[in-house]
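Trainee: Pasting query.cif below, which is mmCIF, C-alpha atoms.
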```cif
data_structure
#
loop_
_atom_site.label_atom_id
_atom_site.label_comp_id
_atom_site.auth_asym_id
_atom_site.auth_seq_id
_atom_site.Cartn_x
_atom_site.Cartn_y
_atom_site.Cartn_z
CA MET A 771 -123.18 166.78 -14.74
CA VAL A 772 -122.10 167.28 -11.16
CA LYS A 773 -119.68 170.18 -10.70
CA VAL A 774 -117.49 170.39 -7.59
CA VAL A 775 -116.93 173.87 -6.11
CA ARG A 776 -113.83 173.75 -3.89
CA ASN A 777 -112.66 175.83 -0.91
CA VAL A 778 -116.14 177.01 -0.07
CA VAL A 779 -116.58 178.86 3.22
CA CYS A 780 -119.34 177.54 5.42
CA PRO A 781 -121.84 180.25 6.39
CA PHE A 782 -123.14 178.62 9.51
CA CYS A 783 -121.14 179.00 12.73
CA GLY A 784 -118.32 181.26 13.85
CA THR A 785 -115.71 178.60 13.08
CA LEU A 786 -116.16 179.56 9.40
CA CYS A 787 -114.59 176.38 7.98
CA ASP A 788 -113.09 177.24 4.59
CA ASP A 789 -112.36 173.81 3.14
CA LEU A 790 -115.80 172.67 2.04
CA GLU A 791 -116.51 171.09 -1.33
CA ILE A 792 -120.00 171.62 -2.66
CA LEU A 793 -121.48 169.40 -5.36
CA VAL A 794 -123.63 171.36 -7.80
CA GLU A 795 -125.87 170.04 -10.55
CA ASP A 796 -128.02 172.38 -12.69
CA ASN A 797 -127.71 175.23 -10.18
CA HIS A 798 -128.87 172.89 -7.39
CA ILE A 799 -126.68 171.77 -4.50
CA VAL A 800 -126.75 167.99 -4.45
CA GLY A 801 -124.12 167.25 -1.82
CA THR A 802 -121.33 168.53 0.43
CA ARG A 803 -117.94 167.23 1.49
CA HIS A 804 -116.01 168.04 4.69
CA ALA A 805 -118.99 169.92 6.15
CA CYS A 806 -120.34 169.00 9.56
CA ARG A 807 -123.98 168.06 9.99
CA ILE A 808 -125.13 171.62 10.58
CA GLY A 809 -123.07 173.00 7.70
CA ASN A 810 -124.45 170.35 5.39
CA ALA A 811 -127.99 171.31 6.36
CA LYS A 812 -127.31 174.97 5.55
CA PHE A 813 -126.27 174.10 1.99
CA MET A 814 -128.78 171.35 1.29
CA HIS A 815 -132.37 172.36 0.99
CA PHE A 816 -133.76 170.26 3.80
CA GLU A 817 -137.31 169.03 3.86
CA GLY A 818 -139.87 171.20 5.54
CA ALA A 819 -137.93 174.44 5.07
CA VAL A 820 -139.95 177.16 3.36
CA ARG A 821 -137.93 179.47 1.13
CA TYR A 822 -139.41 182.83 0.26
CA THR A 823 -138.82 184.01 -3.28
CA GLU A 824 -141.10 187.05 -3.38
CA PRO A 825 -141.77 189.79 -0.82
CA LEU A 826 -144.93 189.34 1.23
CA MET A 827 -147.05 191.92 3.00
CA ARG A 828 -150.09 192.15 5.29
CA GLU A 829 -151.71 195.05 7.12
CA ASN A 830 -152.93 193.06 10.09
CA LYS A 831 -150.83 190.29 11.65
CA LYS A 832 -153.88 188.01 11.76
CA ASP A 833 -154.43 188.27 7.98
CA ASP A 834 -152.80 186.11 5.34
CA PHE A 835 -149.80 187.41 3.45
CA LYS A 836 -150.18 188.85 -0.05
CA LYS A 837 -147.40 188.74 -2.64
CA VAL A 838 -145.99 192.15 -3.59
CA ASP A 839 -142.96 193.37 -5.54
CA TYR A 840 -139.71 194.57 -3.95
CA GLU A 841 -140.56 198.25 -4.70
CA THR A 842 -143.79 198.12 -2.72
CA ALA A 843 -142.35 196.14 0.21
CA ILE A 844 -139.35 198.46 0.47
CA GLU A 845 -141.43 201.63 0.19
CA GLU A 846 -143.73 200.44 2.99
CA THR A 847 -140.73 199.43 5.14
CA ALA A 848 -139.18 202.86 4.57
CA ARG A 849 -142.45 204.49 5.63
CA LEU A 850 -142.62 202.40 8.82
CA LEU A 851 -138.98 203.22 9.61
CA THR A 852 -139.36 206.97 9.12
CA GLU A 853 -142.69 207.21 10.96
CA ALA A 854 -141.60 205.23 14.01
CA ALA A 855 -140.48 207.13 17.12
CA LEU A 856 -137.75 204.60 17.97
CA PRO A 857 -137.21 201.89 15.36
CA LEU A 858 -135.09 198.88 16.25
CA ILE A 859 -132.90 197.32 13.58
CA TYR A 860 -131.73 193.96 14.79
CA GLY A 861 -130.06 190.77 13.59
CA TRP A 862 -127.15 190.88 11.12
CA SER A 863 -125.26 187.83 12.32
CA ALA A 864 -126.08 185.65 9.32
CA THR A 865 -125.20 188.00 6.50
CA GLU A 866 -122.09 189.60 5.07
CA CYS A 867 -120.27 192.81 6.03
CA HIS A 868 -121.35 195.07 3.15
CA ALA A 869 -124.94 194.58 4.23
CA HIS A 870 -123.83 195.58 7.76
CA MET A 871 -122.30 198.78 6.42
CA TYR A 872 -125.51 199.85 4.69
CA GLY A 873 -127.44 198.78 7.78
CA VAL A 874 -125.49 201.18 9.99
CA GLU A 875 -126.08 203.98 7.46
CA LEU A 876 -129.82 203.23 7.49
CA ALA A 877 -129.91 203.21 11.30
CA GLU A 878 -128.21 206.61 11.45
CA LEU A 879 -130.62 208.07 8.87
CA VAL A 880 -133.78 207.04 10.74
CA GLY A 881 -132.38 207.49 14.27
CA ALA A 882 -132.75 203.82 15.12
CA VAL A 883 -131.20 201.51 17.66
CA ILE A 884 -129.03 198.99 15.81
CA ASP A 885 -128.00 195.77 17.51
CA ASN A 886 -126.97 192.21 16.73
CA THR A 887 -127.13 188.82 18.35
CA ALA A 888 -123.93 189.43 20.37
CA SER A 889 -125.97 191.48 22.84
CA VAL A 890 -128.29 188.67 23.89
CA MET B 1038 -116.18 193.58 28.25
CA GLN B 1039 -115.21 197.19 27.65
CA ASP B 1040 -114.36 197.52 31.34
CA VAL B 1041 -111.44 195.13 31.38
CA GLY B 1042 -110.18 194.67 27.81
CA TYR B 1043 -109.96 191.45 25.93
CA PRO B 1044 -106.84 189.33 25.23
CA VAL B 1045 -107.19 187.65 21.83
CA CYS B 1046 -105.26 185.46 19.41
CA THR B 1047 -106.14 183.67 16.19
CA LEU B 1048 -107.39 180.10 15.95
CA GLY B 1049 -104.18 179.29 14.07
CA GLU B 1050 -102.13 180.25 17.14
CA VAL B 1051 -104.26 177.96 19.28
CA LYS B 1052 -103.83 175.13 16.80
CA ASN B 1053 -100.06 175.50 16.68
CA ARG B 1054 -99.30 176.41 20.28
CA ALA B 1055 -102.01 175.68 22.83
CA ASP B 1056 -101.36 172.85 25.27
CA VAL B 1057 -104.29 173.71 27.53
CA VAL B 1058 -107.77 174.38 26.15
CA ILE B 1059 -110.78 175.30 28.26
CA TYR B 1060 -114.37 175.32 26.97
CA TRP B 1061 -116.54 177.17 29.45
CA GLY B 1062 -120.31 176.90 29.01
CA SER B 1063 -120.08 175.73 25.44
CA ASN B 1064 -120.62 172.36 23.81
CA PRO B 1065 -118.57 172.47 20.60
CA MET B 1066 -119.28 168.83 19.76
CA HIS B 1067 -122.83 169.94 18.96
CA ALA B 1068 -122.72 173.70 18.34
CA HIS B 1069 -119.36 173.98 16.53
CA PRO B 1070 -118.74 170.38 15.43
CA ARG B 1071 -115.41 170.94 13.66
CA HIS B 1072 -113.95 173.45 16.12
CA MET B 1073 -112.10 170.89 18.24
CA SER B 1074 -110.73 168.94 15.30
CA ARG B 1075 -109.70 171.89 13.14
CA TYR B 1076 -108.31 174.35 15.64
CA SER B 1077 -108.11 173.47 19.23
CA VAL B 1078 -107.96 169.97 20.64
CA PHE B 1079 -107.45 167.22 18.09
CA ALA B 1080 -105.65 169.30 15.46
CA ARG B 1081 -101.94 168.61 14.98
CA GLY B 1082 -100.08 171.91 15.21
CA PHE B 1083 -96.51 173.11 14.68
CA PHE B 1084 -95.57 172.79 18.35
CA ARG B 1085 -98.27 170.22 19.09
CA GLU B 1086 -97.37 167.50 16.63
CA ARG B 1087 -99.29 164.75 18.41
CA GLY B 1088 -102.53 166.69 18.48
CA ARG B 1089 -104.82 165.55 21.28
CA GLU B 1090 -102.01 163.84 23.22
CA ASP B 1091 -100.15 167.14 23.46
CA ARG B 1092 -103.08 168.99 24.94
CA THR B 1093 -105.07 169.05 28.15
CA LEU B 1094 -108.77 169.70 27.74
CA ILE B 1095 -110.84 171.24 30.52
CA VAL B 1096 -114.60 171.59 30.11
CA VAL B 1097 -116.76 173.61 32.49
CA ASP B 1098 -120.42 172.69 32.16
CA PRO B 1099 -123.23 171.78 34.58
CA ARG B 1100 -124.20 168.91 32.28
CA GLU B 1101 -122.14 165.99 31.12
CA THR B 1102 -122.19 167.04 27.49
CA ASP B 1103 -120.52 165.15 24.65
CA SER B 1104 -117.72 167.72 24.85
CA ALA B 1105 -117.38 167.18 28.61
CA LYS B 1106 -117.05 163.44 28.02
CA LEU B 1107 -113.89 164.11 26.00
CA ALA B 1108 -112.34 166.30 28.68
CA ASP B 1109 -109.37 165.48 30.91
CA ILE B 1110 -111.02 167.53 33.61
CA HIS B 1111 -114.72 168.26 33.76
CA LEU B 1112 -115.61 170.98 36.25
CA GLN B 1113 -119.29 170.27 36.78
CA VAL B 1114 -120.29 173.69 38.03
CA GLU B 1115 -123.76 174.15 39.48
CA PRO B 1116 -126.03 176.20 37.21
CA HIS B 1117 -125.67 179.98 37.68
CA LYS B 1118 -122.55 179.63 39.84
CA ASP B 1119 -119.92 180.34 37.19
CA TYR B 1120 -118.93 183.61 38.85
CA GLU B 1121 -118.18 181.81 42.12
CA LEU B 1122 -116.08 179.19 40.39
CA ILE B 1123 -114.08 181.79 38.46
CA SER B 1124 -113.49 183.75 41.67
CA ALA B 1125 -112.36 180.56 43.45
CA MET B 1126 -109.92 179.81 40.65
CA ARG B 1127 -108.55 183.35 40.83
CA ALA B 1128 -108.17 183.02 44.59
CA VAL B 1129 -106.31 179.72 44.29
CA LEU B 1130 -104.14 181.20 41.58
CA LYS B 1131 -103.18 184.03 43.94
CA GLY B 1132 -102.15 181.53 46.60
CA PHE B 1133 -105.19 181.57 48.84
CA GLU B 1134 -106.50 178.37 50.34
CA LEU B 1135 -110.15 177.46 49.80
CA GLN B 1136 -112.00 177.25 53.14
CA THR B 1137 -114.64 174.80 51.89
CA ASP B 1138 -114.69 171.31 50.35
CA LYS B 1139 -116.70 172.44 47.37
CA VAL B 1140 -117.17 175.68 45.45
CA ALA B 1141 -120.17 175.96 43.13
CA GLY B 1142 -120.51 172.18 43.35
CA VAL B 1143 -116.93 171.52 42.23
CA PRO B 1144 -114.64 169.68 44.69
CA ALA B 1145 -111.80 171.93 45.92
CA ASP B 1146 -109.18 169.33 44.90
CA LEU B 1147 -110.35 169.51 41.31
CA ILE B 1148 -110.14 173.31 41.36
CA TYR B 1149 -106.55 173.14 42.68
CA GLU B 1150 -105.72 170.63 39.95
CA ALA B 1151 -107.29 172.72 37.18
CA VAL B 1152 -105.55 175.90 38.31
CA GLU B 1153 -102.23 174.06 38.50
CA ILE B 1154 -102.71 172.83 34.91
CA CYS B 1155 -103.53 176.35 33.70
CA LYS B 1156 -100.61 177.87 35.57
CA ASN B 1157 -98.15 175.39 34.10
CA ALA B 1158 -99.47 175.69 30.56
CA GLN B 1159 -97.11 176.89 27.87
CA PHE B 1160 -100.02 178.42 26.01
CA GLY B 1161 -103.59 178.27 27.28
CA GLN B 1162 -106.82 179.21 25.63
CA LEU B 1163 -110.24 179.80 27.19
CA TYR B 1164 -113.32 179.57 24.97
CA PHE B 1165 -116.56 180.76 26.46
CA ALA B 1166 -120.13 180.82 25.15
CA MET B 1167 -123.77 181.35 26.01
CA GLY B 1168 -123.45 178.98 28.98
CA VAL B 1169 -121.49 181.71 30.72
CA THR B 1170 -123.03 184.84 29.26
CA MET B 1171 -126.63 183.73 29.68
CA THR B 1172 -126.47 182.50 33.26
CA ARG B 1173 -126.76 184.61 36.38
CA GLY B 1174 -124.24 187.43 36.35
CA LYS B 1175 -124.28 187.67 32.54
CA HIS B 1176 -121.48 189.92 31.20
CA ARG B 1177 -120.03 190.25 34.71
CA ASN B 1178 -119.11 186.56 34.41
CA ILE B 1179 -117.07 187.45 31.36
CA ASP B 1180 -115.40 190.36 33.16
CA ASN B 1181 -114.37 187.91 35.86
CA ALA B 1182 -113.20 185.32 33.31
CA ILE B 1183 -111.14 187.97 31.55
CA SER B 1184 -109.64 188.91 34.91
CA LEU B 1185 -108.77 185.23 35.43
CA VAL B 1186 -107.03 185.19 32.07
CA ILE B 1187 -105.18 188.41 32.94
CA ASP B 1188 -104.09 186.84 36.25
CA LEU B 1189 -102.93 183.72 34.42
CA ASN B 1190 -100.82 185.86 32.10
CA ALA B 1191 -98.61 186.62 35.10
CA TYR B 1192 -97.50 182.98 34.85
CA THR B 1193 -97.95 182.03 31.21
CA LYS B 1194 -99.53 183.02 27.93
CA PHE B 1195 -103.31 182.66 28.07
CA GLY B 1196 -105.95 183.84 25.60
CA LEU B 1197 -109.72 184.04 25.54
CA MET B 1198 -112.31 183.89 22.80
CA PRO B 1199 -116.11 183.85 22.56
CA MET B 1200 -117.56 180.92 20.64
CA ARG B 1201 -119.67 182.72 18.04
CA GLY B 1202 -122.95 181.08 17.17
CA HIS B 1203 -123.87 182.62 13.81
CA TYR B 1204 -121.08 182.81 11.29
CA ASN B 1205 -120.77 186.59 11.12
CA VAL B 1206 -121.55 187.85 14.62
CA ASN B 1207 -118.02 189.14 14.83
CA GLY B 1208 -118.24 190.81 11.39
CA PHE B 1209 -121.11 193.02 12.51
CA ASN B 1210 -119.26 193.95 15.70
CA GLN B 1211 -116.22 194.84 13.58
CA VAL B 1212 -118.21 196.97 11.13
CA LEU B 1213 -120.19 198.77 13.84
CA THR B 1214 -117.05 199.45 15.87
CA TRP B 1215 -115.32 200.74 12.76
CA VAL B 1216 -118.19 203.15 12.01
CA THR B 1217 -119.39 204.19 15.49
CA GLY B 1218 -116.76 203.09 17.98
CA TYR B 1219 -119.09 200.62 19.69
CA PRO B 1220 -119.52 196.89 18.95
CA PHE B 1221 -123.32 196.41 19.30
CA GLY B 1222 -126.38 198.03 20.84
CA VAL B 1223 -125.88 201.49 19.32
CA ASP B 1224 -128.61 204.09 19.70
CA PHE B 1225 -128.76 206.80 16.99
CA SER B 1226 -131.95 208.42 18.30
CA ARG B 1227 -130.08 211.52 19.49
CA GLY B 1228 -128.28 211.87 16.17
CA TYR B 1229 -124.97 210.52 17.45
CA PRO B 1230 -124.03 206.98 18.48
CA ARG B 1231 -124.70 206.12 22.11
CA TYR B 1232 -123.90 202.75 23.70
CA ASN B 1233 -125.21 201.48 27.01
CA PRO B 1234 -125.81 197.70 27.18
CA GLY B 1235 -128.99 197.01 29.11
CA GLU B 1236 -130.47 200.28 27.85
CA THR B 1237 -129.64 200.39 24.14
CA THR B 1238 -129.80 196.64 23.48
CA ALA B 1239 -132.55 194.93 21.50
CA ASN B 1240 -133.85 192.52 24.10
CA ASP B 1241 -134.14 195.20 26.80
CA LEU B 1242 -135.84 197.69 24.47
CA LEU B 1243 -138.41 195.07 23.51
CA GLN B 1244 -139.04 193.84 27.04
CA ARG B 1245 -139.62 197.40 28.24
CA GLY B 1246 -141.78 198.12 25.20
CA GLU B 1247 -139.73 201.17 24.22
CA THR B 1248 -139.46 200.48 20.50
CA ASP B 1249 -142.46 200.99 18.21
CA MET B 1250 -141.16 199.34 15.02
CA MET B 1251 -138.68 196.59 14.33
CA LEU B 1252 -136.67 195.61 11.28
CA ASN B 1253 -135.20 192.15 11.69
CA ILE B 1254 -132.54 190.91 9.32
CA ALA B 1255 -130.57 187.65 9.15
CA SER B 1256 -131.52 186.32 12.58
CA ASP B 1257 -134.43 184.73 14.37
CA PRO B 1258 -135.26 186.55 17.61
CA GLY B 1259 -138.76 185.04 17.55
CA ALA B 1260 -137.19 181.70 18.40
CA HIS B 1261 -134.47 182.91 20.77
CA PHE B 1262 -135.69 185.96 22.68
CA PRO B 1263 -137.49 185.72 26.02
CA GLN B 1264 -141.25 185.52 25.80
CA LYS B 1265 -141.84 189.07 27.00
CA ALA B 1266 -139.68 190.45 24.19
CA VAL B 1267 -141.42 188.29 21.59
CA GLN B 1268 -144.82 189.45 22.86
CA HIS B 1269 -143.83 193.04 22.15
CA MET B 1270 -142.53 192.03 18.70
CA ALA B 1271 -145.98 190.62 17.99
CA LYS B 1272 -147.58 193.99 18.87
CA ILE B 1273 -145.47 196.39 16.79
CA PRO B 1274 -144.98 196.59 13.01
CA LEU B 1275 -142.30 194.04 12.15
CA VAL B 1276 -140.34 193.73 8.91
CA CYS B 1277 -138.25 190.63 8.27
CA ILE B 1278 -135.45 190.35 5.76
CA ASP B 1279 -134.92 186.60 5.85
CA PRO B 1280 -134.73 183.91 3.16
CA HIS B 1281 -136.66 181.28 5.10
CA GLU B 1282 -139.81 180.91 7.16
CA THR B 1283 -138.92 181.24 10.85
CA PRO B 1284 -140.87 181.87 14.06
CA THR B 1285 -139.97 185.55 13.54
CA THR B 1286 -141.35 185.80 9.99
CA GLN B 1287 -144.64 184.41 11.27
CA LEU B 1288 -145.02 187.56 13.40
CA ALA B 1289 -144.07 189.89 10.55
CA ASN B 1290 -146.09 192.43 8.59
CA ILE B 1291 -143.61 192.50 5.74
CA ILE B 1292 -141.22 189.76 4.60
CA ILE B 1293 -138.48 190.66 2.14
CA PRO B 1294 -136.54 187.62 0.93
CA PRO B 1295 -132.83 188.05 0.22
CA ALA B 1296 -130.38 185.80 -1.60
CA ILE B 1297 -128.44 183.66 0.91
CA ALA B 1298 -125.01 185.17 1.64
CA GLY B 1299 -122.25 182.60 1.35
CA VAL B 1300 -124.35 180.33 -0.85
CA GLU B 1301 -125.95 182.57 -3.48
CA VAL B 1302 -123.92 185.77 -3.07
CA GLU B 1303 -120.33 186.43 -2.12
CA GLY B 1304 -119.23 188.74 0.67
CA THR B 1305 -116.97 189.04 3.69
CA ALA B 1306 -117.39 187.40 7.07
CA TYR B 1307 -115.25 187.57 10.22
CA ARG B 1308 -114.37 184.32 11.93
CA MET B 1309 -114.73 184.13 15.72
CA ASP B 1310 -111.07 185.13 16.10
CA GLY B 1311 -111.49 188.24 13.94
CA VAL B 1312 -109.97 186.88 10.74
CA PRO B 1313 -111.92 188.13 7.71
CA ILE B 1314 -112.71 185.45 5.13
CA GLN B 1315 -114.20 185.89 1.67
CA LEU B 1316 -117.47 183.98 1.32
CA ARG B 1317 -118.08 182.27 -1.99
CA LYS B 1318 -121.04 182.10 -4.28
CA VAL B 1319 -121.92 178.49 -5.08
CA ILE B 1320 -125.21 178.75 -6.99
CA ASP B 1321 -127.41 181.51 -8.43
CA PRO B 1322 -130.23 182.83 -6.24
CA PRO B 1323 -133.85 182.19 -7.32
CA GLU B 1324 -134.77 184.52 -10.17
CA GLY B 1325 -135.29 188.13 -9.15
CA VAL B 1326 -134.20 187.64 -5.53
CA LEU B 1327 -131.83 190.40 -4.37
CA PRO B 1328 -128.87 190.27 -1.94
CA ASP B 1329 -129.29 191.85 1.52
CA ARG B 1330 -127.04 194.75 0.57
CA GLU B 1331 -129.16 195.66 -2.51
CA ILE B 1332 -132.35 195.59 -0.43
CA LEU B 1333 -130.72 197.90 2.13
CA LYS B 1334 -129.43 200.25 -0.57
CA MET B 1335 -132.97 200.57 -1.97
CA LEU B 1336 -134.27 201.16 1.56
CA ILE B 1337 -131.73 203.93 2.16
CA LYS B 1338 -132.71 205.58 -1.12
CA LYS B 1339 -136.42 205.45 -0.24
CA VAL B 1340 -135.83 206.72 3.30
CA LYS B 1341 -133.82 209.66 1.94
CA GLU B 1342 -136.72 210.58 -0.34
CA MET B 1343 -139.15 210.51 2.58
CA LEU B 1344 -137.08 212.46 5.09
#
```
Can you present the structure in this file as structure tokens?
Mentor:
Amino acid sequence: MVKVVRNVVCPFCGTLCDDLEILVEDNHIVGTRHACRIGNAKFMHFEGAVRYTEPLMRENKKDDFKKVDYETAIEETARLLTEAALPLIYGWSATECHAHMYGVELAELVGAVIDNTASV
Amino acid sequence: MQDVGYPVCTLGEVKNRADVVIYWGSNPMHAHPRHMSRYSVFARGFFRERGREDRTLIVVDPRETDSAKLADIHLQVEPHKDYELISAMRAVLKGFELQTDKVAGVPADLIYEAVEICKNAQFGQLYFAMGVTMTRGKHRNIDNAISLVIDLNAYTKFGLMPMRGHYNVNGFNQVLTWVTGYPFGVDFSRGYPRYNPGETTANDLLQRGETDMMLNIASDPGAHFPQKAVQHMAKIPLVCIDPHETPTTQLANIIIPPAIAGVEVEGTAYRMDGVPIQLRKVIDPPEGVLPDREILKMLIKKVKEML
């Protein structure tokens, strides 16, 4: 059965429209109402998009990726962050504010430069 | 921006009050498709009951975009000459006469007309975007635009707002300012926050090759950064926290997939006018996939063990 989730906030552009209705069936989004074309695309799984569901790792950038668990990927990332002379932590504009908070804490811990897309 | 301050209002104020709206270097019809209809131009507001008919729309863009086609006045500025046009408008506003027929490719008559409209507005709003910040002059264009808005406030009420691309650009600036005092480009390498755009900003660090490791989260610099910056990204260890395959993840050594905020996890985001809005969770994430914040918490824990 199709369930309608009302007053959904659109996580695409800075207009942050908060009147979307999302049609959900069996934990899959099957349609949107009130969303613009870009917003609709964000909710619908559009063809050609590759979604990662497991962490991937490779030593050399020319190699193929190998599946690993979160523990391993995070431990290796932590090692890279602590061993680097000047790590750069960049992005942030397409996630929520609690993640930002932890991001700033992480940047302070490893002495990184932290920046987001506003600087470009 | 920090040099001149920044006059803001909410989108609701624009909707209810603005009778003059300027889009400078942005094309909302394509980049923010519902912006004009919900908040600025077509929306019917408390003091603007007739919506579009009660408002004058000015678009500044070198191209005749779909937004420009809707405008009452289209100032077709030559590329990279925004600073000149802003300066000309400020000069006209201060009562000077333009000594040429055209400034930055815009006929002087049209500049006089536009300034007159702005001056006589009851409530004006200037939206600017990458078209201004990414052309020659960069943030100095914004300084000048802010100065124009300040000058206009001698005659009427005028506000200014950046058109945010991603949905939570503003949220990060809010959080970082709250924690460190600076909105972006903060360098912790000396143990305390330091902010110097051009020096401590991502693109510059990459282009100069000063960073030796990059963690990218919730953005796609591989598709948007200049080639020289991307070339350096390809050389150094790169970790991506991103749900989807992007040009950036293709350069990565490690990819950590998060649940999608606003679709699979709830959270807070700040709208372009600084209003915080609670994001909703619509569906469950794929089994075992963690939110960004959980991934970062685990990272912090691991880093603390290693330090």
Trainee: Do me a favour and pick out the residues of chain B within 6 Å of chain A, using all atoms listed in the file, as a VMD selection string.
Mentor: chain B and resid 1201 to 1206 1221 to 1226 1248 to 1256 1280 to 1282 1290 to 1294 1298 to 1299 1304 to 1306 1308 to 1309 1316 to 1317 1320 1329 to 1330 1336 to 1337 1340
Trainee: Tell me, in Å to one decimal, how far atom CA of Ala1151 of chain B is from atom CA of His1111 of chain B.
Mentor: 9.3 Å
Trainee: Using Å and a single decimal, report how far atom CA of Lys1106 of chain B sits from atom CA of Leu1185 of chain B.
Mentor: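 Rounded to one decimal, the two atoms are 24.5 Å apart.
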Trainee: Give the answer as one residue: which of B:Met1198, B:Tyr1229, B:Val1129, B:Glu1153 has the shortest atom-to-atom distance to Ser1077 of chain B, using only C-alpha atoms?
Mentor: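 Closest to Ser1077 of chain B of all the choices is B:Met1198.
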Trainee: So how many Å separate atom CA of Tyr1060 of chain B and atom CA of Ser1074 of chain B, to one decimal?
Mentor: 13.8 Å
Trainee: Evaluate the PyMOL selection byres ((chain B and resi 1328) around 8) here and jot the selected residues down as a list in words.
Mentor: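 Evaluating the PyMOL selection byres ((chain B and resi 1328) around 8) on this file yields Pro1295, Ala1296, Ile1297, Ala1298, Val1302, Val1326, Leu1327, Asp1329, Arg1330, Glu1331 and Ile1332 of chain B.
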Trainee: Could those selected residues go to a file with C-alpha atoms, as a short mmCIF file (atom, residue, chain, number, x, y, z; two decimals), in the frame of the given file?
Mentor:
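The resulting file, out_9.cif, is reproduced below:
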```
data_model
loop_
_atom_site.label_atom_id
_atom_site.label_comp_id
_atom_site.auth_asym_id
_atom_site.auth_seq_id
_atom_site.Cartn_x
_atom_site.Cartn_y
_atom_site.Cartn_z
CA PRO B 1295 -132.83 188.05 0.22
CA ALA B 1296 -130.38 185.80 -1.60
CA ILE B 1297 -128.44 183.66 0.91
CA ALA B 1298 -125.01 185.17 1.64
CA VAL B 1302 -123.92 185.77 -3.07
CA VAL B 1326 -134.20 187.64 -5.53
CA LEU B 1327 -131.83 190.40 -4.37
CA ASP B 1329 -129.29 191.85 1.52
CA ARG B 1330 -127.04 194.75 0.57
CA GLU B 1331 -129.16 195.66 -2.51
CA ILE B 1332 -132.35 195.59 -0.43
#
```
Trainee: Return the single residue from B:Thr1283, B:Lys1339, B:Asn1240, B:Asp1091 that is closest to Gln1268 of chain B, with distances computed using only C-alpha atoms.
Mentor: B:Asn1240
Trainee: I'd like the neighbourhood of Ala1108 of chain B as number ranges by chain, where a residue qualifies if any of its atoms comes within 7 Å (using all atoms listed in the file), though same-chain residues fewer than 6 positions away should be ignored.
Mentor: B: 1094-1096
Trainee: Residue by residue, what does the PyMOL selection byres ((chain B and resi 1161-1167) around 7) grab here? Present the result as a list of chain:residue names.
Mentor: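 After applying the PyMOL selection byres ((chain B and resi 1161-1167) around 7), what remains is B:Val1051, B:Ala1055, B:Asp1056, B:Val1057, B:Val1058, B:Ile1059, B:Tyr1060, B:Trp1061, B:Gly1062, B:Ser1063, B:Cys1155, B:Ala1158, B:Gln1159, B:Phe1160, B:Gly1168, B:Val1169, B:Thr1170, B:Met1171, B:Lys1194, B:Phe1195, B:Gly1196, B:Leu1197, B:Met1198, B:Pro1199, B:Met1200.
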